[in-house]
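Note sheet for the following structure.
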Amino acid sequence: MKLKNIPNILSVIRIILVVVFVIVFFWVDKYVAMVVFLLAGATDVVDGYLARRNNWITNLGKILDPFADKLMQCTVLISLYIEKLIPLWFVVPFIAKEFVTLLMGLIVMRKRSVVVVSKWYGKMTVCLFYATVVLSVLIADMLKDNIILTIIVFLPATVCALLAFGAYVKHYAGLRHKTETAENNEEKAETADAADKV
């Protein structure tokens, strides 16, 4: 096993933990499911740290890591919503953000060999997301029919997700513009070079 594949292995483990989470959440215990959720988050931190620190970045990892993250987050959101533990207005912005940013990231990487990295606002949103999800399970009884407390608990992460969504759209749009400009410049250079040879 090559050391550079360790982050990818951790991403695969995170995908497996998605299945484990669903089974534990619906058929075992919701509190234990939160431990699985936090464990998945820990593997995300570790594989990201190892990949950046040791430059263990692979083409597979560029796709596998964000896919594992977003699969876990969306699965958790849908699971908690099914059990009526979180409001729909908290679910929709996060799923929309995850889907669109994943799609735009893949488009940019396909256009050109670009390593898409998490921004500080993305990391802050993820931290708030984890904290909000865990808290919503821990104080589920208190949140029932308590609109004010529900707003206090879920609004900060929701606002942060919307702001991060806008920032990522702007960031990816800028990357795509750069890649298109670079491709046009390369085409012009190749055309000029071909003309010189004629």
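Chains: A, B, ... in order of the structure tokens. Residues: from 1 per chain. Ligands: from 1, in order shown.
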Point to revise | Exercise: Leu128 in chain A partners within 12 Å, only C-alpha atoms, chain neighbours under 2 positions left out, as JSON, numbers by chain | key: {"A": [94, 121, 122, 123, 124, 125, 126, 130, 131, 132, 133, 134, 135, 136, 153, 154, 155, 156, 157, 158, 159, 160, 161, 164]}
Any chance you could export the current selection's N, CA, C and O atoms as an mmCIF file, in the first residue's frame?
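Below is the file that was written, part23.cif:
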data_model
loop_
_atom_site.group_PDB
_atom_site.id
_atom_site.type_symbol
_atom_site.label_atom_id
_atom_site.label_comp_id
_atom_site.auth_asym_id
_atom_site.auth_seq_id
_atom_site.Cartn_x
_atom_site.Cartn_y
_atom_site.Cartn_z
ATOM 1 N N PHE A 94 -28.449 23.654 3.118
ATOM 2 C CA PHE A 94 -27.245 22.840 3.203
ATOM 3 C C PHE A 94 -27.142 21.864 2.036
ATOM 4 O O PHE A 94 -26.076 21.717 1.435
ATOM 5 N N TYR A 121 -14.379 29.958 5.191
ATOM 6 C CA TYR A 121 -15.817 30.053 5.433
ATOM 7 C C TYR A 121 -16.507 28.697 5.263
ATOM 8 O O TYR A 121 -17.510 28.428 5.911
ATOM 9 N N GLY A 122 -15.938 27.857 4.406
ATOM 10 C CA GLY A 122 -16.477 26.510 4.260
ATOM 11 C C GLY A 122 -16.221 25.678 5.499
ATOM 12 O O GLY A 122 -17.092 24.943 5.969
ATOM 13 N N LYS A 123 -15.010 25.805 6.053
ATOM 14 C CA LYS A 123 -14.656 25.067 7.264
ATOM 15 C C LYS A 123 -15.499 25.531 8.450
ATOM 16 O O LYS A 123 -15.931 24.718 9.277
ATOM 17 N N MET A 124 -15.726 26.849 8.536
ATOM 18 C CA MET A 124 -16.542 27.378 9.626
ATOM 19 C C MET A 124 -17.979 26.868 9.519
ATOM 20 O O MET A 124 -18.611 26.522 10.533
ATOM 21 N N THR A 125 -18.492 26.796 8.293
ATOM 22 C CA THR A 125 -19.844 26.291 8.072
ATOM 23 C C THR A 125 -19.960 24.830 8.488
ATOM 24 O O THR A 125 -20.948 24.430 9.114
ATOM 25 N N VAL A 126 -18.940 24.039 8.159
ATOM 26 C CA VAL A 126 -18.946 22.624 8.526
ATOM 27 C C VAL A 126 -18.920 22.462 10.042
ATOM 28 O O VAL A 126 -19.642 21.623 10.605
ATOM 29 N N TYR A 130 -21.832 20.592 12.196
ATOM 30 C CA TYR A 130 -21.640 19.476 13.126
ATOM 31 C C TYR A 130 -22.178 19.814 14.511
ATOM 32 O O TYR A 130 -22.868 19.001 15.142
ATOM 33 N N ALA A 131 -21.863 21.013 14.982
ATOM 34 C CA ALA A 131 -22.314 21.426 16.313
ATOM 35 C C ALA A 131 -23.834 21.488 16.381
ATOM 36 O O ALA A 131 -24.443 21.039 17.367
ATOM 37 N N THR A 132 -24.461 22.023 15.330
ATOM 38 C CA THR A 132 -25.919 22.161 15.299
ATOM 39 C C THR A 132 -26.608 20.806 15.248
ATOM 40 O O THR A 132 -27.603 20.573 15.950
ATOM 41 N N VAL A 133 -26.086 19.911 14.436
ATOM 42 C CA VAL A 133 -26.676 18.570 14.309
ATOM 43 C C VAL A 133 -26.616 17.824 15.636
ATOM 44 O O VAL A 133 -27.617 17.251 16.103
ATOM 45 N N VAL A 134 -25.437 17.806 16.237
ATOM 46 C CA VAL A 134 -25.280 17.095 17.515
ATOM 47 C C VAL A 134 -26.171 17.718 18.585
ATOM 48 O O VAL A 134 -26.845 17.015 19.347
ATOM 49 N N LEU A 135 -26.194 19.046 18.632
ATOM 50 C CA LEU A 135 -27.013 19.742 19.630
ATOM 51 C C LEU A 135 -28.495 19.450 19.423
ATOM 52 O O LEU A 135 -29.244 19.271 20.405
ATOM 53 N N SER A 136 -28.926 19.385 18.162
ATOM 54 C CA SER A 136 -30.342 19.140 17.872
ATOM 55 C C SER A 136 -30.800 17.777 18.380
ATOM 56 O O SER A 136 -31.966 17.607 18.762
ATOM 57 N N VAL A 153 -31.151 27.925 17.654
ATOM 58 C CA VAL A 153 -30.235 26.798 17.428
ATOM 59 C C VAL A 153 -29.853 26.663 15.955
ATOM 60 O O VAL A 153 -28.674 26.462 15.625
ATOM 61 N N PHE A 154 -30.831 26.792 15.046
ATOM 62 C CA PHE A 154 -30.579 26.482 13.641
ATOM 63 C C PHE A 154 -30.242 27.674 12.754
ATOM 64 O O PHE A 154 -29.624 27.497 11.698
ATOM 65 N N LEU A 155 -30.614 28.877 13.155
ATOM 66 C CA LEU A 155 -30.411 30.030 12.282
ATOM 67 C C LEU A 155 -28.936 30.358 12.009
ATOM 68 O O LEU A 155 -28.575 30.631 10.857
ATOM 69 N N PRO A 156 -28.055 30.362 13.019
ATOM 70 C CA PRO A 156 -26.646 30.705 12.738
ATOM 71 C C PRO A 156 -26.005 29.833 11.663
ATOM 72 O O PRO A 156 -25.360 30.347 10.741
ATOM 73 N N ALA A 157 -26.185 28.532 11.752
ATOM 74 C CA ALA A 157 -25.589 27.626 10.763
ATOM 75 C C ALA A 157 -26.233 27.805 9.390
ATOM 76 O O ALA A 157 -25.559 27.704 8.360
ATOM 77 N N THR A 158 -27.545 28.087 9.382
ATOM 78 C CA THR A 158 -28.249 28.290 8.114
ATOM 79 C C THR A 158 -27.746 29.529 7.399
ATOM 80 O O THR A 158 -27.458 29.496 6.191
ATOM 81 N N VAL A 159 -27.613 30.630 8.135
ATOM 82 C CA VAL A 159 -27.099 31.879 7.558
ATOM 83 C C VAL A 159 -25.670 31.677 7.059
ATOM 84 O O VAL A 159 -25.301 32.126 5.965
ATOM 85 N N CYS A 160 -24.876 30.993 7.847
ATOM 86 C CA CYS A 160 -23.487 30.732 7.478
ATOM 87 C C CYS A 160 -23.419 29.891 6.201
ATOM 88 O O CYS A 160 -22.582 30.132 5.327
ATOM 89 N N ALA A 161 -24.320 28.911 6.067
ATOM 90 C CA ALA A 161 -24.355 28.068 4.874
ATOM 91 C C ALA A 161 -24.711 28.883 3.631
ATOM 92 O O ALA A 161 -24.119 28.696 2.564
ATOM 93 N N ALA A 164 -21.706 31.082 2.768
ATOM 94 C CA ALA A 164 -20.642 30.240 2.205
ATOM 95 C C ALA A 164 -21.000 29.806 0.787
ATOM 96 O O ALA A 164 -20.140 29.760 -0.097
#
Each range 50-107 of chain A residue no farther than 12 Å from range 139-150 of chain A, nearest pair in Å, only C-alpha atoms, as a Markdown table:
| residue | atom | partner | partner_atom | distance |
| --- | --- | --- | --- | --- |
| A:Leu80 | CA | A:Ala140 | CA | 10.5 |
| A:Glu83 | CA | A:Ala140 | CA | 10.4 |
| A:Lys84 | CA | A:Lys144 | CA | 9.1 |
| A:Leu85 | CA | A:Ala140 | CA | 6.3 |
| A:Ile86 | CA | A:Thr150 | CA | 8.5 |
| A:Pro87 | CA | A:Thr150 | CA | 8.2 |
| A:Leu88 | CA | A:Thr150 | CA | 11.6 |
| A:Trp89 | CA | A:Thr150 | CA | 11.0 |
| A:Phe90 | CA | A:Thr150 | CA | 10.1 |
Include all heavy atoms and write out the residues we just selected as a short mmCIF file (atom, residue, chain, number, x, y, z; two decimals), in the first residue's frame.
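And here is the file that came out, out.cif:
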data_model
loop_
_atom_site.label_atom_id
_atom_site.label_comp_id
_atom_site.auth_asym_id
_atom_site.auth_seq_id
_atom_site.Cartn_x
_atom_site.Cartn_y
_atom_site.Cartn_z
N LEU A 80 -32.26 13.07 9.97
CA LEU A 80 -32.80 13.87 11.07
C LEU A 80 -34.13 14.50 10.71
O LEU A 80 -35.02 14.64 11.56
CB LEU A 80 -31.80 14.96 11.49
CG LEU A 80 -30.85 14.57 12.63
CD1 LEU A 80 -29.88 13.47 12.21
CD2 LEU A 80 -30.07 15.78 13.13
N GLU A 83 -36.97 12.04 11.04
CA GLU A 83 -37.34 11.85 12.44
C GLU A 83 -37.87 13.13 13.09
O GLU A 83 -38.07 13.19 14.30
CB GLU A 83 -36.14 11.34 13.23
CG GLU A 83 -35.72 9.92 12.88
CD GLU A 83 -36.79 8.90 13.26
OE1 GLU A 83 -37.10 8.79 14.46
OE2 GLU A 83 -37.31 8.23 12.34
N LYS A 84 -38.03 14.17 12.25
CA LYS A 84 -38.57 15.47 12.72
C LYS A 84 -37.70 16.10 13.81
O LYS A 84 -38.21 16.73 14.75
CB LYS A 84 -40.01 15.32 13.23
CG LYS A 84 -40.99 14.77 12.20
CD LYS A 84 -42.38 14.77 12.74
CE LYS A 84 -43.43 14.16 11.88
NZ LYS A 84 -43.28 14.12 10.47
N LEU A 85 -36.40 15.96 13.66
CA LEU A 85 -35.47 16.54 14.63
C LEU A 85 -34.91 17.88 14.17
O LEU A 85 -34.34 18.63 14.96
CB LEU A 85 -34.31 15.57 14.90
CG LEU A 85 -34.68 14.26 15.60
CD1 LEU A 85 -33.49 13.31 15.64
CD2 LEU A 85 -35.20 14.53 17.01
N ILE A 86 -35.07 18.17 12.87
CA ILE A 86 -34.60 19.44 12.33
C ILE A 86 -35.65 19.99 11.37
O ILE A 86 -36.38 19.22 10.74
CB ILE A 86 -33.24 19.30 11.60
CG1 ILE A 86 -33.33 18.23 10.50
CG2 ILE A 86 -32.12 18.96 12.58
CD1 ILE A 86 -32.05 18.09 9.69
N PRO A 87 -35.73 21.32 11.24
CA PRO A 87 -36.72 21.91 10.33
C PRO A 87 -36.26 21.84 8.88
O PRO A 87 -35.06 21.79 8.58
CB PRO A 87 -36.79 23.37 10.82
CG PRO A 87 -35.44 23.62 11.42
CD PRO A 87 -35.01 22.33 12.03
N LEU A 88 -37.22 21.89 7.97
CA LEU A 88 -36.93 21.80 6.54
C LEU A 88 -36.09 22.99 6.09
O LEU A 88 -35.22 22.84 5.22
CB LEU A 88 -38.25 21.76 5.75
CG LEU A 88 -38.11 21.61 4.23
CD1 LEU A 88 -37.39 20.32 3.88
CD2 LEU A 88 -39.48 21.66 3.58
N TRP A 89 -36.34 24.18 6.68
CA TRP A 89 -35.59 25.35 6.24
C TRP A 89 -34.11 25.29 6.63
O TRP A 89 -33.29 26.08 6.14
CB TRP A 89 -36.23 26.65 6.78
CG TRP A 89 -36.41 26.74 8.26
CD1 TRP A 89 -37.54 26.45 8.97
CD2 TRP A 89 -35.44 27.19 9.23
NE1 TRP A 89 -37.35 26.69 10.32
CE2 TRP A 89 -36.07 27.14 10.51
CE3 TRP A 89 -34.14 27.63 9.17
CZ2 TRP A 89 -35.42 27.51 11.70
CZ3 TRP A 89 -33.47 28.00 10.34
CH2 TRP A 89 -34.12 27.94 11.58
N PHE A 90 -33.75 24.34 7.48
CA PHE A 90 -32.34 24.09 7.79
C PHE A 90 -31.75 23.10 6.79
O PHE A 90 -30.57 23.19 6.42
CB PHE A 90 -32.21 23.55 9.21
CG PHE A 90 -30.80 23.18 9.60
CD1 PHE A 90 -29.86 24.16 9.87
CD2 PHE A 90 -30.42 21.84 9.71
CE1 PHE A 90 -28.55 23.81 10.23
CE2 PHE A 90 -29.13 21.49 10.06
CZ PHE A 90 -28.19 22.49 10.33
#
Practice item. Name the residues in contact with Ile57 in chain A at a cut-off of 10 Å, using only C-alpha atoms, excluding same-chain residues fewer than 6 positions from it; report them as a ChimeraX atom specification. Key: /A:4-5,7-8,48,50-51,115
Check your understanding: Between A:Leu162, A:Val137, A:Cys127, A:Leu64, which has the minimum distance to Val92 in chain A (counting only C-alpha atoms)?
Key ->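 Nearest to Val92 in chain A: A:Leu162.
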**Study point:** Two-atom distance - CA of Gln73 in chain A, CA of Ala40 in chain A (Å)
**Key:** 9.9 Å
Point to revise | Distance query Val100 in chain A at most 9 Å, only C-alpha atoms, self and fewer than 4 positions along chain excluded, as a VMD selection string | key: chain A and resid 95 to 96 104 to 105 165 169
Point to revise | Nearest candidate to Leu102 in chain A (options A:Pro66, A:Gly166, A:Gly41, A:Gly61; using only C-alpha atoms) | key: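 Of A:Pro66, A:Gly166, A:Gly41, A:Gly61, the one nearest Leu102 in chain A, counting only C-alpha atoms, is A:Pro66.
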Practice item. Might you pull out every residue within 7 Å of Val18 in chain A, with only C-alpha atoms counted and same-chain residues fewer than 4 positions away left off, and present them as a PyMOL selection string? Key: chain A and resi 14+22+72
Selected residues written out with N, CA, C and O atoms, as a short mmCIF file (atom, residue, chain, number, x, y, z; two decimals), in the first residue's frame:
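Once everything was written out, this is out-v2.cif:
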data_model
loop_
_atom_site.label_atom_id
_atom_site.label_comp_id
_atom_site.auth_asym_id
_atom_site.auth_seq_id
_atom_site.Cartn_x
_atom_site.Cartn_y
_atom_site.Cartn_z
N ARG A 14 -15.11 6.66 5.42
CA ARG A 14 -16.17 7.64 5.69
C ARG A 14 -17.45 7.28 4.93
O ARG A 14 -18.55 7.45 5.44
N VAL A 22 -26.74 5.30 9.22
CA VAL A 22 -28.16 5.08 8.95
C VAL A 22 -28.70 3.92 9.77
O VAL A 22 -29.78 4.01 10.39
N MET A 72 -22.17 12.07 3.51
CA MET A 72 -22.44 11.96 4.94
C MET A 72 -23.34 13.09 5.42
O MET A 72 -24.33 12.87 6.13
#
Exercise for review: Calculate how many Å separate CA of Leu71 in chain A from CA of Phe26 in chain A, rounding to one decimal.
Suggested key: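 Atom-to-atom, CA of Leu71 in chain A to CA of Phe26 in chain A, that is 17.3 Å.
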